[in-house]
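Enquirer: So here's model-v1.pdb (PDB, C-alpha atoms, pLDDT in the B column).
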ATOM      1  CA  MET A 230      -5.384 -15.759  24.172  1.00 49.00           C
ATOM      2  CA  VAL A 231      -4.517 -16.027  20.452  1.00 54.00           C
ATOM      3  CA  HIS A 232      -0.935 -15.126  19.599  1.00 62.00           C
ATOM      4  CA  ILE A 233      -0.714 -13.906  15.989  1.00 61.00           C
ATOM      5  CA  THR A 234       2.777 -13.979  14.479  1.00 64.00           C
ATOM      6  CA  ASP A 235       2.222 -13.590  10.734  1.00 63.00           C
ATOM      7  CA  PRO A 236       2.941  -9.916   9.777  1.00 64.00           C
ATOM      8  CA  LYS A 237       0.170  -9.719   7.199  1.00 73.00           C
ATOM      9  CA  ALA A 238      -2.334 -11.298   9.565  1.00 73.00           C
ATOM     10  CA  ILE A 239      -1.349  -8.813  12.275  1.00 74.00           C
ATOM     11  CA  GLU A 240      -1.913  -5.877   9.914  1.00 72.00           C
ATOM     12  CA  ASN A 241      -5.211  -7.240   8.603  1.00 71.00           C
ATOM     13  CA  THR A 242      -6.478  -7.875  12.132  1.00 74.00           C
ATOM     14  CA  SER A 243      -5.435  -4.364  13.155  1.00 71.00           C
ATOM     15  CA  MET A 244      -7.280  -2.844  10.224  1.00 71.00           C
ATOM     16  CA  ASP A 245     -10.404  -4.848  11.068  1.00 68.00           C
ATOM     17  CA  ILE A 246     -10.242  -3.543  14.630  1.00 69.00           C
ATOM     18  CA  ILE A 247      -9.862   0.018  13.332  1.00 68.00           C
ATOM     19  CA  ASP A 248     -12.921  -0.440  11.092  1.00 69.00           C
ATOM     20  CA  GLY A 249     -14.842  -1.381  14.213  1.00 67.00           C
ATOM     21  CA  LEU A 250     -13.609   1.652  16.113  1.00 73.00           C
ATOM     22  CA  LEU A 251     -14.327   4.204  13.408  1.00 81.00           C
ATOM     23  CA  ALA A 252     -17.629   5.156  11.836  1.00 69.00           C
ATOM     24  CA  TYR A 253     -16.563   4.424   8.263  1.00 60.00           C
ATOM     25  CA  LYS A 254     -19.242   6.467   6.508  1.00 58.00           C
ATOM     26  CA  ARG A 255     -18.071   9.660   8.185  1.00 71.00           C
ATOM     27  CA  TRP A 256     -15.084   9.816   5.832  1.00 73.00           C
ATOM     28  CA  ASP A 257     -14.811  10.102   2.093  1.00 78.00           C
ATOM     29  CA  ASP A 258     -13.869   6.779   0.466  1.00 81.00           C
ATOM     30  CA  LYS A 259     -10.626   8.298  -0.819  1.00 88.00           C
ATOM     31  CA  LEU A 260      -9.596   9.703   2.565  1.00 91.00           C
ATOM     32  CA  TYR A 261     -10.555   6.706   4.676  1.00 89.00           C
ATOM     33  CA  PRO A 262      -7.458   4.602   3.816  1.00 90.00           C
ATOM     34  CA  ILE A 263      -5.300   7.536   4.962  1.00 93.00           C
ATOM     35  CA  VAL A 264      -7.280   7.817   8.196  1.00 92.00           C
ATOM     36  CA  LYS A 265      -6.909   4.086   8.834  1.00 90.00           C
ATOM     37  CA  ARG A 266      -3.152   4.121   8.213  1.00 91.00           C
ATOM     38  CA  VAL A 267      -2.629   7.019  10.641  1.00 93.00           C
ATOM     39  CA  VAL A 268      -4.710   5.330  13.337  1.00 89.00           C
ATOM     40  CA  HIS A 269      -2.838   2.068  12.705  1.00 89.00           C
ATOM     41  CA  THR A 270       0.504   3.848  13.099  1.00 91.00           C
ATOM     42  CA  THR A 271      -0.435   5.656  16.303  1.00 91.00           C
ATOM     43  CA  ALA A 272      -2.863   3.131  17.865  1.00 87.00           C
ATOM     44  CA  ASP A 273      -4.891   6.235  18.669  1.00 89.00           C
ATOM     45  CA  PRO A 274      -8.366   6.599  17.103  1.00 90.00           C
ATOM     46  CA  ALA A 275      -8.416  10.258  18.191  1.00 90.00           C
ATOM     47  CA  PHE A 276      -6.250  11.069  15.180  1.00 92.00           C
ATOM     48  CA  ALA A 277      -9.191  10.223  12.936  1.00 90.00           C
ATOM     49  CA  GLU A 278     -10.998  13.282  14.258  1.00 90.00           C
ATOM     50  CA  LEU A 279      -7.974  15.537  13.690  1.00 94.00           C
ATOM     51  CA  LEU A 280      -7.159  14.566  10.113  1.00 94.00           C
ATOM     52  CA  GLU A 281      -8.302  17.028   7.439  1.00 95.00           C
ATOM     53  CA  ALA A 282      -7.697  17.129   3.704  1.00 96.00           C
ATOM     54  CA  SER A 283      -8.580  19.509   0.924  1.00 96.00           C
ATOM     55  CA  ARG A 284     -11.023  18.149  -1.611  1.00 91.00           C
ATOM     56  CA  ASP A 285      -8.422  17.253  -4.229  1.00 92.00           C
ATOM     57  CA  ALA A 286      -5.580  16.274  -1.906  1.00 97.00           C
ATOM     58  CA  VAL A 287      -5.688  12.477  -2.076  1.00 97.00           C
ATOM     59  CA  ASP A 288      -6.092  12.391  -5.860  1.00 97.00           C
ATOM     60  CA  ALA A 289      -3.297  14.954  -6.262  1.00 97.00           C
ATOM     61  CA  GLY A 290      -0.927  12.894  -4.139  1.00 98.00           C
ATOM     62  CA  ILE A 291      -1.743   9.631  -5.888  1.00 98.00           C
ATOM     63  CA  GLU A 292      -1.327  11.107  -9.365  1.00 97.00           C
ATOM     64  CA  ALA A 293       2.011  12.688  -8.417  1.00 98.00           C
ATOM     65  CA  LEU A 294       3.311   9.378  -7.077  1.00 98.00           C
ATOM     66  CA  LYS A 295       2.195   7.577 -10.222  1.00 97.00           C
ATOM     67  CA  LYS A 296       4.328  10.030 -12.223  1.00 96.00           C
ATOM     68  CA  GLY A 297       7.401   9.305 -10.122  1.00 97.00           C
ATOM     69  CA  CYS A 298       7.651  12.508  -8.122  1.00 97.00           C
ATOM     70  CA  VAL A 299      10.128  13.736  -5.536  1.00 97.00           C
ATOM     71  CA  ILE A 300       9.034  13.659  -1.887  1.00 98.00           C
ATOM     72  CA  ILE A 301      10.720  16.181   0.413  1.00 98.00           C
ATOM     73  CA  THR A 302      10.673  15.573   4.170  1.00 97.00           C
ATOM     74  CA  ASP A 303      11.921  17.595   7.120  1.00 96.00           C
ATOM     75  CA  THR A 304      13.410  14.664   9.061  1.00 96.00           C
ATOM     76  CA  ARG A 305      15.460  11.555   8.461  1.00 96.00           C
ATOM     77  CA  MET A 306      12.918   9.680  10.572  1.00 96.00           C
ATOM     78  CA  ALA A 307      10.132  10.428   8.105  1.00 97.00           C
ATOM     79  CA  GLN A 308      12.415   9.559   5.209  1.00 97.00           C
ATOM     80  CA  ALA A 309      13.337   6.227   6.817  1.00 97.00           C
ATOM     81  CA  GLY A 310       9.693   5.365   7.495  1.00 97.00           C
ATOM     82  CA  ILE A 311       8.544   5.583   3.872  1.00 98.00           C
ATOM     83  CA  ASN A 312       8.337   2.206   2.115  1.00 97.00           C
ATOM     84  CA  LYS A 313      11.405   1.864  -0.112  1.00 96.00           C
ATOM     85  CA  LYS A 314      10.103  -0.975  -2.290  1.00 96.00           C
ATOM     86  CA  ARG A 315       6.992   0.949  -3.247  1.00 97.00           C
ATOM     87  CA  LEU A 316       9.002   4.086  -3.896  1.00 97.00           C
ATOM     88  CA  GLN A 317      11.265   2.147  -6.228  1.00 97.00           C
ATOM     89  CA  LYS A 318       8.382   0.570  -8.111  1.00 96.00           C
ATOM     90  CA  LEU A 319       6.887   4.007  -8.758  1.00 97.00           C
ATOM     91  CA  ASN A 320      10.266   5.643  -9.517  1.00 97.00           C
ATOM     92  CA  CYS A 321       9.811   8.073  -6.641  1.00 97.00           C
ATOM     93  CA  GLU A 322      12.571   9.511  -4.472  1.00 96.00           C
ATOM     94  CA  VAL A 323      12.559  10.845  -0.908  1.00 97.00           C
ATOM     95  CA  GLN A 324      14.914  13.705  -0.093  1.00 96.00           C
ATOM     96  CA  CYS A 325      15.882  15.170   3.276  1.00 96.00           C
ATOM     97  CA  GLY A 326      18.605  17.789   3.651  1.00 94.00           C
ATOM     98  CA  ILE A 327      18.380  18.429   7.381  1.00 95.00           C
ATOM     99  CA  ASP A 328      21.905  17.228   8.170  1.00 93.00           C
ATOM    100  CA  ASP A 329      23.675  18.598   5.109  1.00 93.00           C
ATOM    101  CA  PRO A 330      26.560  20.880   6.218  1.00 94.00           C
ATOM    102  CA  SER A 331      25.527  23.549   3.719  1.00 94.00           C
ATOM    103  CA  ILE A 332      22.082  23.677   5.338  1.00 95.00           C
ATOM    104  CA  GLU A 333      23.608  24.410   8.726  1.00 93.00           C
ATOM    105  CA  VAL A 334      25.613  27.251   7.198  1.00 96.00           C
ATOM    106  CA  MET A 335      22.510  28.678   5.516  1.00 95.00           C
ATOM    107  CA  ALA A 336      20.514  28.457   8.740  1.00 96.00           C
ATOM    108  CA  MET A 337      23.172  30.321  10.705  1.00 95.00           C
ATOM    109  CA  HIS A 338      23.583  32.970   8.006  1.00 95.00           C
ATOM    110  CA  GLU A 339      19.838  33.564   7.579  1.00 94.00           C
ATOM    111  CA  GLY A 340      18.946  33.232  11.253  1.00 96.00           C
ATOM    112  CA  ILE A 341      16.421  30.459  10.621  1.00 96.00           C
ATOM    113  CA  THR A 342      16.102  26.855  11.736  1.00 96.00           C
ATOM    114  CA  ARG A 343      17.865  24.073   9.859  1.00 96.00           C
ATOM    115  CA  ALA A 344      14.468  22.607   8.983  1.00 96.00           C
ATOM    116  CA  ALA A 345      13.368  25.851   7.343  1.00 97.00           C
ATOM    117  CA  ALA A 346      16.700  26.189   5.557  1.00 97.00           C
ATOM    118  CA  ALA A 347      16.463  22.640   4.237  1.00 97.00           C
ATOM    119  CA  ILE A 348      12.983  23.233   2.830  1.00 97.00           C
ATOM    120  CA  ARG A 349      14.145  26.474   1.204  1.00 96.00           C
ATOM    121  CA  ALA A 350      17.162  24.821  -0.415  1.00 96.00           C
ATOM    122  CA  GLN A 351      15.480  21.607  -1.517  1.00 95.00           C
ATOM    123  CA  SER A 352      12.369  23.277  -2.884  1.00 94.00           C
ATOM    124  CA  ALA A 353      14.576  25.433  -5.116  1.00 93.00           C
ATOM    125  CA  LEU A 354      15.762  22.207  -6.770  1.00 91.00           C
ATOM    126  CA  ALA A 355      12.351  20.515  -6.783  1.00 92.00           C
ATOM    127  CA  PRO A 356       9.559  23.117  -6.717  1.00 91.00           C
ATOM    128  CA  ARG A 357       7.092  20.475  -7.914  1.00 95.00           C
ATOM    129  CA  ALA A 358       7.106  17.834  -5.187  1.00 97.00           C
ATOM    130  CA  ILE A 359       5.151  16.266  -2.362  1.00 98.00           C
ATOM    131  CA  PHE A 360       6.224  17.939   0.869  1.00 98.00           C
ATOM    132  CA  ALA A 361       5.858  15.789   4.006  1.00 98.00           C
ATOM    133  CA  ILE A 362       6.490  17.910   7.105  1.00 98.00           C
ATOM    134  CA  GLY A 363       6.242  15.869  10.300  1.00 97.00           C
ATOM    135  CA  ASN A 364       8.338  17.612  12.911  1.00 96.00           C
ATOM    136  CA  ALA A 365       9.163  21.298  12.473  1.00 96.00           C
ATOM    137  CA  PRO A 366       6.482  24.014  12.305  1.00 97.00           C
ATOM    138  CA  THR A 367       9.178  26.361  10.977  1.00 97.00           C
ATOM    139  CA  ALA A 368       9.550  24.107   7.943  1.00 97.00           C
ATOM    140  CA  LEU A 369       5.826  24.308   7.252  1.00 98.00           C
ATOM    141  CA  TYR A 370       5.836  28.098   7.689  1.00 97.00           C
ATOM    142  CA  GLU A 371       8.791  28.348   5.292  1.00 97.00           C
ATOM    143  CA  LEU A 372       6.992  26.207   2.751  1.00 98.00           C
ATOM    144  CA  GLY A 373       3.895  28.394   3.084  1.00 98.00           C
ATOM    145  CA  GLU A 374       5.870  31.548   2.409  1.00 97.00           C
ATOM    146  CA  LEU A 375       7.443  29.918  -0.654  1.00 97.00           C
ATOM    147  CA  ILE A 376       3.968  29.001  -1.902  1.00 97.00           C
ATOM    148  CA  GLU A 377       2.749  32.555  -1.334  1.00 97.00           C
ATOM    149  CA  GLY A 378       5.766  33.855  -3.231  1.00 96.00           C
ATOM    150  CA  ASP A 379       4.979  31.481  -6.127  1.00 95.00           C
ATOM    151  CA  LYS A 380       8.380  29.851  -5.743  1.00 96.00           C
ATOM    152  CA  VAL A 381       6.992  26.355  -5.271  1.00 96.00           C
ATOM    153  CA  GLN A 382       3.904  24.606  -6.585  1.00 96.00           C
ATOM    154  CA  PRO A 383       3.492  21.489  -4.425  1.00 97.00           C
ATOM    155  CA  TYR A 384       1.658  18.492  -5.735  1.00 98.00           C
ATOM    156  CA  LEU A 385       0.613  17.974  -2.119  1.00 98.00           C
ATOM    157  CA  VAL A 386       1.489  19.348   1.311  1.00 98.00           C
ATOM    158  CA  ILE A 387       1.373  16.836   4.161  1.00 98.00           C
ATOM    159  CA  GLY A 388       1.499  19.176   7.148  1.00 98.00           C
ATOM    160  CA  VAL A 389       1.691  17.260  10.432  1.00 98.00           C
ATOM    161  CA  PRO A 390       4.399  18.961  12.541  1.00 97.00           C
ATOM    162  CA  VAL A 391       4.159  18.309  16.275  1.00 96.00           C
ATOM    163  CA  GLY A 392       4.561  20.671  19.200  1.00 94.00           C
ATOM    164  CA  PHE A 393       3.046  23.303  21.430  1.00 94.00           C
ATOM    165  CA  VAL A 394       4.759  26.257  19.699  1.00 93.00           C
ATOM    166  CA  GLY A 395       3.671  26.986  16.162  1.00 94.00           C
ATOM    167  CA  ALA A 396       2.440  23.566  15.101  1.00 96.00           C
ATOM    168  CA  ALA A 397      -1.291  24.253  15.151  1.00 97.00           C
ATOM    169  CA  ASP A 398      -0.913  27.735  13.670  1.00 97.00           C
ATOM    170  CA  SER A 399       1.357  26.547  10.858  1.00 98.00           C
ATOM    171  CA  LYS A 400      -1.301  24.047   9.790  1.00 98.00           C
ATOM    172  CA  GLU A 401      -4.014  26.685   9.791  1.00 98.00           C
ATOM    173  CA  TYR A 402      -1.736  28.873   7.673  1.00 98.00           C
ATOM    174  CA  ILE A 403      -0.994  26.193   5.090  1.00 98.00           C
ATOM    175  CA  LYS A 404      -4.718  25.517   4.690  1.00 97.00           C
ATOM    176  CA  THR A 405      -5.304  29.076   3.424  1.00 97.00           C
ATOM    177  CA  LEU A 406      -2.876  28.983   0.482  1.00 97.00           C
ATOM    178  CA  GLY A 407      -4.740  26.958  -2.141  1.00 95.00           C
ATOM    179  CA  ALA A 408      -2.265  24.073  -2.363  1.00 97.00           C
ATOM    180  CA  PRO A 409      -3.638  20.537  -1.877  1.00 98.00           C
ATOM    181  CA  PHE A 410      -3.124  19.599   1.778  1.00 98.00           C
ATOM    182  CA  ILE A 411      -3.498  16.847   4.341  1.00 98.00           C
ATOM    183  CA  VAL A 412      -3.028  18.002   7.924  1.00 98.00           C
ATOM    184  CA  VAL A 413      -3.498  16.807  11.482  1.00 97.00           C
ATOM    185  CA  ASN A 414      -5.166  19.761  13.161  1.00 97.00           C
ATOM    186  CA  GLY A 415      -3.878  21.009  16.497  1.00 96.00           C
ATOM    187  CA  PRO A 416      -0.498  20.372  18.146  1.00 96.00           C
ATOM    188  CA  LYS A 417      -0.383  16.619  17.501  1.00 96.00           C
ATOM    189  CA  GLY A 418       1.608  15.099  14.668  1.00 96.00           C
ATOM    190  CA  GLY A 419       5.013  13.588  14.080  1.00 96.00           C
ATOM    191  CA  SER A 420       7.417  12.190  11.523  1.00 97.00           C
ATOM    192  CA  ASN A 421       5.857   8.742  11.862  1.00 96.00           C
ATOM    193  CA  ILE A 422       2.505  10.199  10.830  1.00 97.00           C
ATOM    194  CA  ALA A 423       4.009  11.996   7.832  1.00 98.00           C
ATOM    195  CA  ALA A 424       5.538   8.692   6.727  1.00 97.00           C
ATOM    196  CA  ALA A 425       2.270   6.837   7.338  1.00 97.00           C
ATOM    197  CA  ILE A 426       0.334   9.230   5.119  1.00 98.00           C
ATOM    198  CA  VAL A 427       2.869   8.876   2.317  1.00 98.00           C
ATOM    199  CA  ASN A 428       2.782   5.091   2.688  1.00 97.00           C
ATOM    200  CA  ALA A 429      -1.009   5.075   2.474  1.00 96.00           C
ATOM    201  CA  LEU A 430      -0.841   7.148  -0.708  1.00 98.00           C
ATOM    202  CA  LEU A 431       1.795   4.802  -2.143  1.00 97.00           C
ATOM    203  CA  ILE A 432      -0.495   1.831  -1.562  1.00 96.00           C
ATOM    204  CA  GLU A 433      -3.369   3.609  -3.302  1.00 95.00           C
ATOM    205  CA  ALA A 434      -1.110   4.685  -6.186  1.00 96.00           C
ATOM    206  CA  MET A 435       0.023   1.115  -6.773  1.00 92.00           C
ATOM    207  CA  GLY A 436      -3.488  -0.306  -6.620  1.00 83.00           C
ATOM    208  CA  ASN A 437      -3.536  -4.079  -7.011  1.00 62.00           C
ATOM    209  CA  ASN A 438       0.267  -4.117  -7.282  1.00 69.00           C
ATOM    210  CA  ALA A 439       0.843  -2.742  -3.768  1.00 62.00           C
ATOM    211  CA  GLY A 440       1.765  -6.156  -2.357  1.00 57.00           C
TER     212      GLY A 440
END
Starting from the coordinates I provided, produce the structure as C-alpha cells.
Expert:
Amino acid sequence: MVHITDPKAIENTSMDIIDGLLAYKRWDDKLYPIVKRVVHTTADPAFAELLEASRDAVDAGIEALKKGCVIITDTRMAQAGINKKRLQKLNCEVQCGIDDPSIEVMAMHEGITRAAAAIRAQSALAPRAIFAIGNAPTALYELGELIEGDKVQPYLVIGVPVGFVGAADSKEYIKTLGAPFIVVNGPKGGSNIAAAIVNALLIEAMGNNAG
C-alpha cells in the first residue's frame, strides 16, 4: 500500500480518481471543475448528479470574484471554509452575520429565523454580492423574496441548504427567479459544499495564479 503524504499529491491523486469515476463529457467544461470540487469535498460521486447551474452561473461568479466582490454566507462554517489567501489576492470579502446580537433581536422582532434575518440585514448593505447559502432553507427563501422584490441583484446564488424541511423546495424556488444559480437539488447540501463551490470559483477566477 502506497502512503501519500504530500498535500498537493493527495489532491491531484483524488482529482484523478474523480475523473475516473465521473463521465467527464456529461458536464459543461465550465461546470466540471465545480462538480469535481464538490465530489472531492464530500467523497460522494452522487453529488455530481445533483448539481445544477444556470447557463451563465459559472461565468457570473468568476467575473464577480475578479472584480473583488462581497460573498455573503449563512454560517460561520461556510465562511471559515473559503480560502483566505485567494480571497485576499482577489480583494474579496466573506461576510456572515448569523451571530451578531442585532440579528438575534431582528429575528425575534420579525418572527423569523436568525439565518433569514442575517440575509435580510446583510443584503441591504451589499445588494450586489455572491450569496452562498449552505445550511438554512429559510435564508434561501428570504433571499428569493428579496430578489422578487428587486431589493437585491445577486451576482450569483449558491443555494445548497441541507435538510428534510424546506431545503429541496427552496432550491426549486430560487431557480425560478432569473438570478444566476448553482444548486444541489434535493435535501442534500451543507456549508462545506457552499464553501467548496466558492473555492472552485476562486481557483477559476485566479487562473494560472491560483497556486
Enquirer: May I ask for the distance between CA of Leu251 (chain A) and CA of Thr270 (chain A), given in Å to one decimal place?
Expert: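 For CA of Leu251 (chain A) relative to CA of Thr270 (chain A), the distance reads 14.8 Å.
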Enquirer: What's the 8 Å shell around Thr367 (chain A), counting all atoms listed in the file, without same-chain residues fewer than 3 positions away, as JSON, numbers by chain?
Expert: {"A": [342, 344, 345, 370, 371, 395, 399]}
Enquirer: Between A:Ala361, A:Gln324, A:Glu377, A:Gly415, which is the closest to Leu279 (chain A) once you count all atoms listed in the file?
Expert: A:Gly415
Enquirer: Between A:Ser243, A:Ser283, A:Gln351, A:Thr405, which one has atoms that come closest to Val268 (chain A), using all atoms listed in the file?
Expert: A:Ser243
Enquirer: Using Å and a single decimal, report how far CA of Leu430 (chain A) sits from CA of Ala293 (chain A).
Expert: 9.9 Å
Enquirer: Between A:Lys259, A:Arg284, A:Arg266, A:Arg343, which one has atoms that come closest to Phe410 (chain A), using only C-alpha atoms?
Expert: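 The answer is A:Arg284, which sits nearest to Phe410 (chain A).
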Enquirer: Nearest to Glu433 (chain A) among A:Ala272, A:Gly290, A:Cys298, A:Lys237, with distances taken over all atoms listed in the file: which residue is it?
Expert: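 Checking each of A:Ala272, A:Gly290, A:Cys298, A:Lys237 against Glu433 (chain A), counting all atoms listed in the file, the winner is A:Gly290.
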Enquirer: What does the PyMOL selection byres ((chain A and resi 387-389) around 6) select in this file, as a VMD selection string?
Expert: chain A and resid 360 to 363 386 390 410 to 413 418
Enquirer: Find the axis-aligned box for region 260-279 of chain A, covering all its listed atoms and adding 3 Å on each side, and write its centre and edge lengths in Å to one decimal as AutoDock Vina command-line options.
Expert:
--center_x -5.2 --center_y 8.8 --center_z 10.6 --size_x 17.5 --size_y 19.5 --size_z 22.1
Enquirer: For the provided coordinates, the residues matched by the PyMOL selection byres ((chain A and resi 379-381) around 12) should be stated as a PyMOL selection string.
Expert: chain A and resi 348-360+371-378+382-386+406-408
Enquirer: Please compute the CA of Ile263 (chain A)-CA of Gly392 (chain A) distance, one decimal, in Å.
Expert: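 Computing it gives 21.7 Å between the two atoms.
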Enquirer: Near Leu319 (chain A), within 12 Å and counting all atoms listed in the file, which residues show up once chain neighbours fewer than 3 positions away are dropped, as a PyMOL selection string?
Expert: chain A and resi 291-299+312-316+322-323+430-436+438-439
Enquirer: My list of candidates is A:Val427, A:Ile311, A:Asn320, A:Ile301. Which is closest to Pro262 (chain A) when distances are computed with all atoms listed in the file?
Expert: A:Val427
Enquirer: Rank nothing, just name the residue among A:Gly326, A:Pro274, A:Gly340, A:Pro409 nearest to Thr304 (chain A), using all atoms listed in the file.
Expert: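 Nearest candidate to Thr304 (chain A) out of A:Gly326, A:Pro274, A:Gly340, A:Pro409: A:Gly326.
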Enquirer: Which polymer residues, protein or nucleic acid, are no farther than 6 Å from (-0.5, 15.3, 18.1), counting all atoms listed in the file, as a PyMOL selection string?
Expert: chain A and resi 391+416-418
Enquirer: Next, dump the selected residues to file, keeping only C-alpha atoms, as a compact mmCIF listing (two decimals), in the frame of the given file.
Expert:
# COMPACT_ATOMS: atom_id res chain seq x y z
CA VAL A 391 4.16 18.31 16.27
CA PRO A 416 -0.50 20.37 18.15
CA LYS A 417 -0.38 16.62 17.50
CA GLY A 418 1.61 15.10 14.67
